[in-house]
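One file, structure-v8.json, is given below (JSON, C-alpha atoms and all ligand atoms).
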```json
[["chain", "number", "residue", "atom", "x", "y", "z"],
["S", 1, "MET", "CA", -6.88, 15.34, -19.46],
["S", 2, "THR", "CA", -8.30, 12.41, -17.60],
["S", 3, "VAL", "CA", -8.15, 8.68, -18.19],
["S", 4, "LEU", "CA", -11.77, 7.56, -17.93],
["S", 5, "ASP", "CA", -13.00, 4.32, -16.35],
["S", 6, "MET", "CA", -13.46, 1.59, -18.93],
["S", 7, "ARG", "CA", -16.65, -0.45, -19.14],
["S", 8, "PHE", "CA", -16.30, -4.16, -19.74],
["S", 9, "VAL", "CA", -18.66, -6.91, -20.82],
["S", 10, "PRO", "CA", -21.26, -7.66, -19.54],
["S", 11, "ASP", "CA", -21.88, -3.98, -18.68],
["S", 12, "PRO", "CA", -25.30, -3.27, -20.27],
["S", 13, "ILE", "CA", -24.17, 0.13, -21.61],
["S", 14, "LEU", "CA", -22.12, -1.76, -24.21],
["S", 15, "ARG", "CA", -25.41, -3.04, -25.64],
["S", 16, "ARG", "CA", -27.11, 0.35, -25.79],
["S", 17, "GLN", "CA", -27.56, 2.47, -28.86],
["S", 18, "ALA", "CA", -25.76, 5.81, -28.72],
["S", 19, "ARG", "CA", -27.74, 9.04, -29.08],
["S", 20, "LYS", "CA", -27.02, 11.21, -32.06],
["S", 21, "ILE", "CA", -25.45, 14.55, -31.20],
["S", 22, "GLY", "CA", -27.54, 17.49, -32.40],
["S", 23, "LYS", "CA", -25.02, 20.25, -31.98],
["S", 24, "VAL", "CA", -21.31, 20.08, -31.27],
["S", 25, "LEU", "CA", -20.93, 22.04, -28.06],
["S", 26, "PRO", "CA", -17.59, 23.35, -26.79],
["S", 27, "ARG", "CA", -17.76, 21.19, -23.64],
["S", 28, "MET", "CA", -17.68, 18.08, -25.81],
["S", 29, "LYS", "CA", -14.05, 18.87, -26.54],
["S", 30, "LYS", "CA", -13.04, 18.02, -22.96],
["S", 31, "PHE", "CA", -14.88, 14.69, -23.04],
["S", 32, "ILE", "CA", -13.35, 13.77, -26.41],
["S", 33, "ASP", "CA", -9.87, 14.73, -25.17],
["S", 34, "ASP", "CA", -10.45, 12.38, -22.23],
["S", 35, "MET", "CA", -11.54, 9.63, -24.62],
["S", 36, "ILE", "CA", -8.32, 10.09, -26.59],
["S", 37, "GLU", "CA", -6.27, 10.03, -23.39],
["S", 38, "THR", "CA", -8.05, 6.83, -22.35],
["S", 39, "MET", "CA", -7.49, 5.19, -25.76],
["S", 40, "HIS", "CA", -3.78, 5.99, -25.49],
["S", 41, "ALA", "CA", -3.54, 4.75, -21.90],
["S", 42, "GLU", "CA", -5.25, 1.48, -22.87],
["S", 43, "MET", "CA", -3.15, 1.22, -26.04],
["S", 44, "GLY", "CA", -6.20, 0.82, -28.26],
["S", 45, "VAL", "CA", -6.61, 1.88, -31.88],
["S", 46, "GLY", "CA", -10.13, 3.07, -31.24],
["S", 47, "LEU", "CA", -12.65, 3.86, -28.55],
["S", 48, "ALA", "CA", -16.39, 4.48, -28.56],
["S", 49, "ALA", "CA", -18.16, 6.63, -25.95],
["S", 50, "ASN", "CA", -20.22, 3.81, -24.41],
["S", 51, "GLN", "CA", -16.95, 2.05, -23.53],
["S", 52, "VAL", "CA", -16.37, 4.88, -21.06],
["S", 53, "GLY", "CA", -19.97, 5.12, -19.88],
["S", 54, "SER", "CA", -21.47, 7.75, -22.20],
["S", 55, "LEU", "CA", -24.23, 7.33, -24.77],
["S", 56, "GLN", "CA", -23.06, 10.23, -26.91],
["S", 57, "LYS", "CA", -22.50, 9.11, -30.48],
["S", 58, "VAL", "CA", -18.75, 9.70, -30.56],
["S", 59, "ALA", "CA", -15.76, 7.54, -31.39],
["S", 60, "VAL", "CA", -12.05, 8.15, -31.74],
["S", 61, "ILE", "CA", -9.61, 6.16, -33.85],
["S", 62, "GLN", "CA", -5.84, 6.33, -34.00],
["S", 63, "LEU", "CA", -4.01, 3.74, -36.05],
["S", 64, "PRO", "CA", -0.50, 2.79, -34.88],
["S", 65, "ASP", "CA", 1.27, 4.90, -37.53],
["S", 66, "TRP", "CA", -0.88, 8.02, -37.10],
["S", 67, "GLU", "CA", 0.31, 11.09, -35.27],
["S", 68, "GLU", "CA", -3.16, 12.46, -34.66],
["S", 69, "PRO", "CA", -6.40, 10.75, -33.67],
["S", 70, "LEU", "CA", -9.50, 10.89, -35.86],
["S", 71, "ILE", "CA", -12.51, 12.29, -34.00],
["S", 72, "LEU", "CA", -15.82, 11.03, -35.30],
["S", 73, "ILE", "CA", -19.12, 12.53, -34.16],
["S", 74, "ASN", "CA", -22.28, 10.74, -35.34],
["S", 75, "PRO", "CA", -20.25, 8.33, -37.49],
["S", 76, "GLU", "CA", -22.14, 6.13, -39.94],
["S", 77, "ILE", "CA", -20.95, 3.50, -42.37],
["S", 78, "THR", "CA", -22.54, 4.46, -45.68],
["S", 79, "ARG", "CA", -21.18, 1.67, -47.86],
["S", 80, "GLN", "CA", -19.61, -1.73, -47.31],
["S", 81, "GLU", "CA", -17.91, -3.80, -49.97],
["S", 82, "GLY", "CA", -16.54, -7.33, -49.98],
["S", 83, "GLU", "CA", -15.98, -9.69, -47.10],
["S", 84, "ARG", "CA", -12.83, -10.85, -45.32],
["S", 85, "GLU", "CA", -11.85, -12.60, -42.12],
["S", 86, "VAL", "CA", -9.68, -10.67, -39.72],
["S", 87, "GLU", "CA", -8.45, -11.01, -36.16],
["S", 88, "GLU", "CA", -9.91, -8.57, -33.70],
["S", 89, "GLY", "CA", -9.95, -7.61, -30.06],
["S", 90, "CYS", "CA", -11.71, -5.00, -27.94],
["S", 91, "LEU", "CA", -10.68, -3.02, -24.86],
["S", 92, "SER", "CA", -14.06, -3.90, -23.31],
["S", 93, "ILE", "CA", -13.39, -7.64, -23.71],
["S", 94, "PRO", "CA", -9.93, -7.94, -22.19],
["S", 95, "GLY", "CA", -8.01, -11.17, -22.54],
["S", 96, "TYR", "CA", -9.73, -12.34, -25.72],
["S", 97, "ARG", "CA", -9.34, -12.09, -29.46],
["S", 98, "GLY", "CA", -11.41, -13.53, -32.23],
["S", 99, "MET", "CA", -11.68, -14.05, -35.97],
["S", 100, "VAL", "CA", -14.47, -11.93, -37.37],
["S", 101, "LYS", "CA", -16.08, -11.21, -40.71],
["S", 102, "ARG", "CA", -15.51, -7.65, -41.85],
["S", 103, "SER", "CA", -15.88, -5.71, -45.09],
["S", 104, "VAL", "CA", -12.94, -5.31, -47.45],
["S", 105, "SER", "CA", -13.63, -1.61, -47.83],
["S", 106, "VAL", "CA", -16.07, 0.88, -46.39],
["S", 107, "ARG", "CA", -17.21, 4.43, -46.80],
["S", 108, "ALA", "CA", -18.12, 6.38, -43.71],
["S", 109, "ARG", "CA", -19.43, 9.78, -42.84],
["S", 110, "ALA", "CA", -19.20, 11.71, -39.60],
["S", 111, "ILE", "CA", -18.81, 15.23, -38.36],
["S", 112, "GLY", "CA", -15.68, 16.61, -36.75],
["S", 113, "LEU", "CA", -15.32, 18.79, -33.67],
["S", 114, "ASP", "CA", -15.57, 21.84, -35.94],
["S", 115, "GLY", "CA", -19.01, 20.63, -37.07],
["S", 116, "LYS", "CA", -17.80, 19.96, -40.62],
["S", 117, "ILE", "CA", -18.67, 16.77, -42.46],
["S", 118, "ILE", "CA", -15.92, 14.18, -42.76],
["S", 119, "ARG", "CA", -16.13, 11.58, -45.53],
["S", 120, "ILE", "CA", -13.83, 8.58, -45.38],
["S", 121, "LYS", "CA", -13.03, 5.83, -47.87],
["S", 122, "ALA", "CA", -11.10, 3.09, -46.14],
["S", 123, "ASP", "CA", -9.80, -0.42, -46.38],
["S", 124, "GLY", "CA", -7.47, -2.49, -44.20],
["S", 125, "LEU", "CA", -7.19, -1.65, -40.52],
["S", 126, "LEU", "CA", -9.04, 1.66, -40.83],
["S", 127, "ALA", "CA", -12.07, -0.03, -42.42],
["S", 128, "GLN", "CA", -11.99, -2.60, -39.62],
["S", 129, "ALA", "CA", -11.73, 0.10, -36.94],
["S", 130, "LEU", "CA", -14.59, 2.09, -38.48],
["S", 131, "GLU", "CA", -16.84, -0.99, -38.50],
["S", 132, "HIS", "CA", -15.77, -1.89, -34.96],
["S", 133, "GLU", "CA", -16.39, 1.59, -33.48],
["S", 134, "THR", "CA", -19.64, 2.32, -35.33],
["S", 135, "GLY", "CA", -20.73, -1.14, -34.17],
["S", 136, "HIS", "CA", -20.11, -0.12, -30.54],
["S", 137, "LEU", "CA", -22.31, 2.94, -31.04],
["S", 138, "LYS", "CA", -25.12, 0.63, -32.16],
["S", 139, "GLY", "CA", -24.68, -1.60, -29.13],
["S", 140, "GLN", "CA", -22.77, -4.26, -31.04],
["S", 141, "LEU", "CA", -19.54, -6.01, -30.17],
["S", 142, "TYR", "CA", -17.07, -7.83, -32.39],
["S", 143, "ILE", "CA", -18.14, -11.12, -30.84],
["S", 144, "ASP", "CA", -21.42, -10.66, -32.75],
["S", 145, "HIS", "CA", -19.45, -11.08, -35.99],
["S", 146, "LEU", "CA", -17.36, -14.17, -35.22],
["S", 147, "VAL", "CA", -16.60, -16.41, -38.19],
["S", 148, "THR", "CA", -17.74, -19.40, -36.13],
["S", 149, "PRO", "CA", -18.80, -19.55, -32.46],
["S", 150, "ASP", "CA", -15.41, -21.05, -31.53],
["S", 151, "SER", "CA", -13.43, -18.32, -33.31],
["S", 152, "LEU", "CA", -13.03, -16.58, -29.95],
["S", 153, "TYR", "CA", -9.91, -17.40, -28.00],
["S", 154, "LYS", "CA", -8.27, -16.43, -24.78],
["S", 155, "ILE", "CA", -4.97, -14.63, -24.83],
["S", 156, "THR", "CA", -2.63, -14.75, -21.90],
["S", 157, "HIS", "CA", -0.07, -12.01, -22.27],
["S", 158, "THR", "CA", 1.95, -12.91, -19.23],
["S", 159, "ALA", "CA", 2.21, -16.59, -20.16],
["S", 160, "GLU", "CA", 3.22, -15.58, -23.69],
["S", 161, "ASP", "CA", 5.87, -13.21, -22.43],
["S", 162, "ASP", "CA", 7.17, -15.85, -20.02],
["S", 163, "SER", "CA", 7.46, -18.51, -22.71],
["S", 164, "GLU", "CA", 9.23, -16.02, -24.98],
["S", 165, "ALA", "CA", 11.68, -15.27, -22.22],
["S", 166, "GLU", "CA", 12.21, -19.01, -21.70],
["S", 167, "ASP", "CA", 12.75, -19.58, -25.42],
["S", 168, "GLU", "CA", 15.34, -16.85, -25.41],
["S", 169, "ALA", "CA", 17.08, -18.37, -22.42],
["S", 170, "GLU", "CA", 17.14, -21.78, -24.09],
["S", 171, "ALA", "CA", 18.44, -20.30, -27.30],
["S", 172, "THR", "CA", 21.24, -18.60, -25.42],
["S", 173, "GLU", "CA", 22.15, -21.90, -23.78],
["S", 174, "ALA", "CA", 22.13, -23.73, -27.09],
["S", 175, "ASN", "CA", 24.21, -21.08, -28.80],
["S", 176, "PRO", "CA", 26.46, -19.58, -26.17],
["S", 177, "PRO", "CA", 27.91, -16.31, -27.36],
["S", 178, "ASP", "CA", 31.39, -16.98, -28.65],
["S", 179, "ASP", "CA", 34.18, -14.50, -28.95],
["S", 180, "THR", "CA", 35.64, -16.06, -32.07],
["S", 181, "GLY", "CA", 34.21, -13.27, -34.20],
["S", 182, "SER", "CA", 31.00, -12.87, -36.16],
["S", 183, "SER", "CA", 30.52, -15.73, -38.54],
["S", 184, "PRO", "CA", 27.49, -14.70, -40.63],
["S", 185, "ASP", "CA", 25.85, -18.13, -40.47],
["S", 186, "ARG", "CA", 26.04, -18.40, -36.72],
["S", 187, "PRO", "CA", 22.71, -19.93, -35.62],
["S", 188, "GLY", "CA", 22.11, -17.16, -33.13],
["S", 189, "SER", "CA", 22.17, -14.40, -35.73],
["S", 190, "SER", "CA", 18.57, -14.85, -36.85],
["S", 191, "LEU", "CA", 17.42, -14.50, -33.25],
["S", 192, "GLU", "CA", 19.36, -11.28, -32.90],
["S", 193, "ASP", "CA", 17.72, -9.96, -36.04],
["S", 194, "LYS", "CA", 14.30, -10.75, -34.60],
["S", 195, "ALA", "CA", 15.09, -8.87, -31.43],
["S", 196, "LYS", "CA", 15.40, -5.66, -33.41],
["A", 201, "NI", "NI", -14.06, -2.25, -29.00]]
```

Hey, can you dump this file as C-alpha cells for me?
Ligand code: NI
Amino acid sequence: MTVLDMRFVPDPILRRQARKIGKVLPRMKKFIDDMIETMHAEMGVGLAANQVGSLQKVAVIQLPDWEEPLILINPEITRQEGEREVEEGCLSIPGYRGMVKRSVSVRARAIGLDGKIIRIKADGLLAQALEHETGHLKGQLYIDHLVTPDSLYKITHTAEDDSEAEDEAEATEANPPDDTGSSPDRPGSSLEDKAK
C-alpha cells in the first residue's frame, strides 16, 4: 500500500465535484487501500478522493474506536435532521480548526467495494464525518459551514505541546516529589491522574 500525496487548500481539485462511479472495478481496490493507508498515516477520521488528487466519488471513514474503515462509493446524504455546532478540522486545511454547523443526525447511502448498497443512520461523530466527506465530493470544505466568519482559528501543535511541557515542569517544581509516602490529597495526585 502507498501513502498518497495530500492536496491542500487552495488546490482547485478540492473545489471540484467528484464523478459518480458507474461500476466498481477490481483496480479500485488498490486505490481505496491507498486512501485508507493515507488516512491512517495522516491520522484522519476520514478522507475523500479529491484530497489525494482523484475525482472518483469515493470516501473512507474510520472513527477512532473502529477496527475497520468504512468504504463509501458514490456516498449521498439522503436525510438531515436538526442542527448543532461542532468543532471540525480537515487534513487539507492543516493548522486550523473551526466551529461549524452540522446536522444532529443523518441518513446516508453508498455502495461498498462488493457493489452492494450500504445504508447508514448516524449521529455524533459519524454523522459529522459523513457530512464532511460527502461535502468534499461536492467540492465543499468545512470552512463553507462556519458558524460565523471568525469561527476559524489557528492551532499550533508544537506551541501547545511546549506549553504543556512547561506546565508540567512548573508543577513538578511546585510539588516536588516527596518520599514521605502517598498522602491521597497531595496536590500532585490530580496531575498524575491526568497523565494516564
Ligand atoms: Ni476534510

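In terms of minimum interatomic distance to Tyr96 of chain S, S:Asp150 ranks closest within S:Glu83, S:Asp114, S:Glu67, S:Asp150, counting only C-alpha atoms.
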
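Of the residues under consideration (S:Met28, S:Leu141, S:Leu126, S:Ala110), S:Leu141 shows the shortest atom-to-atom contact distance to ligand NI 201 (chain A) when counting only C-alpha atoms and all ligand atoms.
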
**OP:** Quick one: pull the distance between atom CA of Ala127 of chain S and atom CA of Asn50 of chain S, Å, one decimal.
**Re:**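 Computed distance, atom CA of Ala127 of chain S to atom CA of Asn50 of chain S, equals 20.1 Å.
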
Subject >> Near-Gly44 of chain S list (9 Å; all atoms listed in the file; drop same-chain fewer than 6 positions) as a PyMOL selection string >> reply: chain S and resi 38+61-64+90-91

Subject >> Env. residues ligand NI 201 (chain A) / 10 Å / all atoms listed in the file / as JSON, numbers by chain >> reply: {"S": [8, 14, 44, 45, 46, 47, 48, 50, 51, 88, 89, 90, 91, 92, 93, 94, 129, 131, 132, 133, 134, 135, 136, 137, 140, 141, 142, 143]}

Subject >> Distance in Å - atom CA of Asp33 of chain S versus atom CA of Gly112 of chain S >> reply: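 Answer for the atom CA of Asp33 of chain S to atom CA of Gly112 of chain S separation: 13.1 Å.
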
Original post:
By how many Å are atom CA of Thr2 of chain S and atom CA of Lys30 of chain S apart?
Top reply: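 So the answer is 9.1 Å.
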
Mind listing as a short mmCIF file (atom, residue, chain, number, x, y, z; two decimals) with C-alpha atoms, keeping the file's coordinate frame all residues within 8 Å of (-14.0, 11.4, -39.9), counting all atoms listed in the file?
```cif
data_model
loop_
_atom_site.label_atom_id
_atom_site.label_comp_id
_atom_site.auth_asym_id
_atom_site.auth_seq_id
_atom_site.Cartn_x
_atom_site.Cartn_y
_atom_site.Cartn_z
CA LEU S 70 -9.50 10.89 -35.86
CA ILE S 71 -12.51 12.29 -34.00
CA LEU S 72 -15.82 11.03 -35.30
CA ILE S 73 -19.12 12.53 -34.16
CA PRO S 75 -20.25 8.33 -37.49
CA ALA S 108 -18.12 6.38 -43.71
CA ARG S 109 -19.43 9.78 -42.84
CA ALA S 110 -19.20 11.71 -39.60
CA ILE S 111 -18.81 15.23 -38.36
CA GLY S 112 -15.68 16.61 -36.75
CA ILE S 117 -18.67 16.77 -42.46
CA ILE S 118 -15.92 14.18 -42.76
CA ARG S 119 -16.13 11.58 -45.53
CA ILE S 120 -13.83 8.58 -45.38
#
```

Original post:
Between S:Leu130, S:Asp144, S:Gly115, S:Ala49, which one has atoms that come closest to Gln80 of chain S, using all atoms listed in the file?
Top reply: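 The shortest atom-to-atom distance to Gln80 of chain S comes from S:Leu130.
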
**OP:** Step by step: start from the point (-19.8, 8.4, -24.3) in the file's coordinates, keep every protein, DNA or RNA residue that has an atom no farther than 10 Å from it, count all atoms listed in the file, and write the set as a ChimeraX atom specification.
**Re:** /S:13,18-19,31-32,35,47-59,137
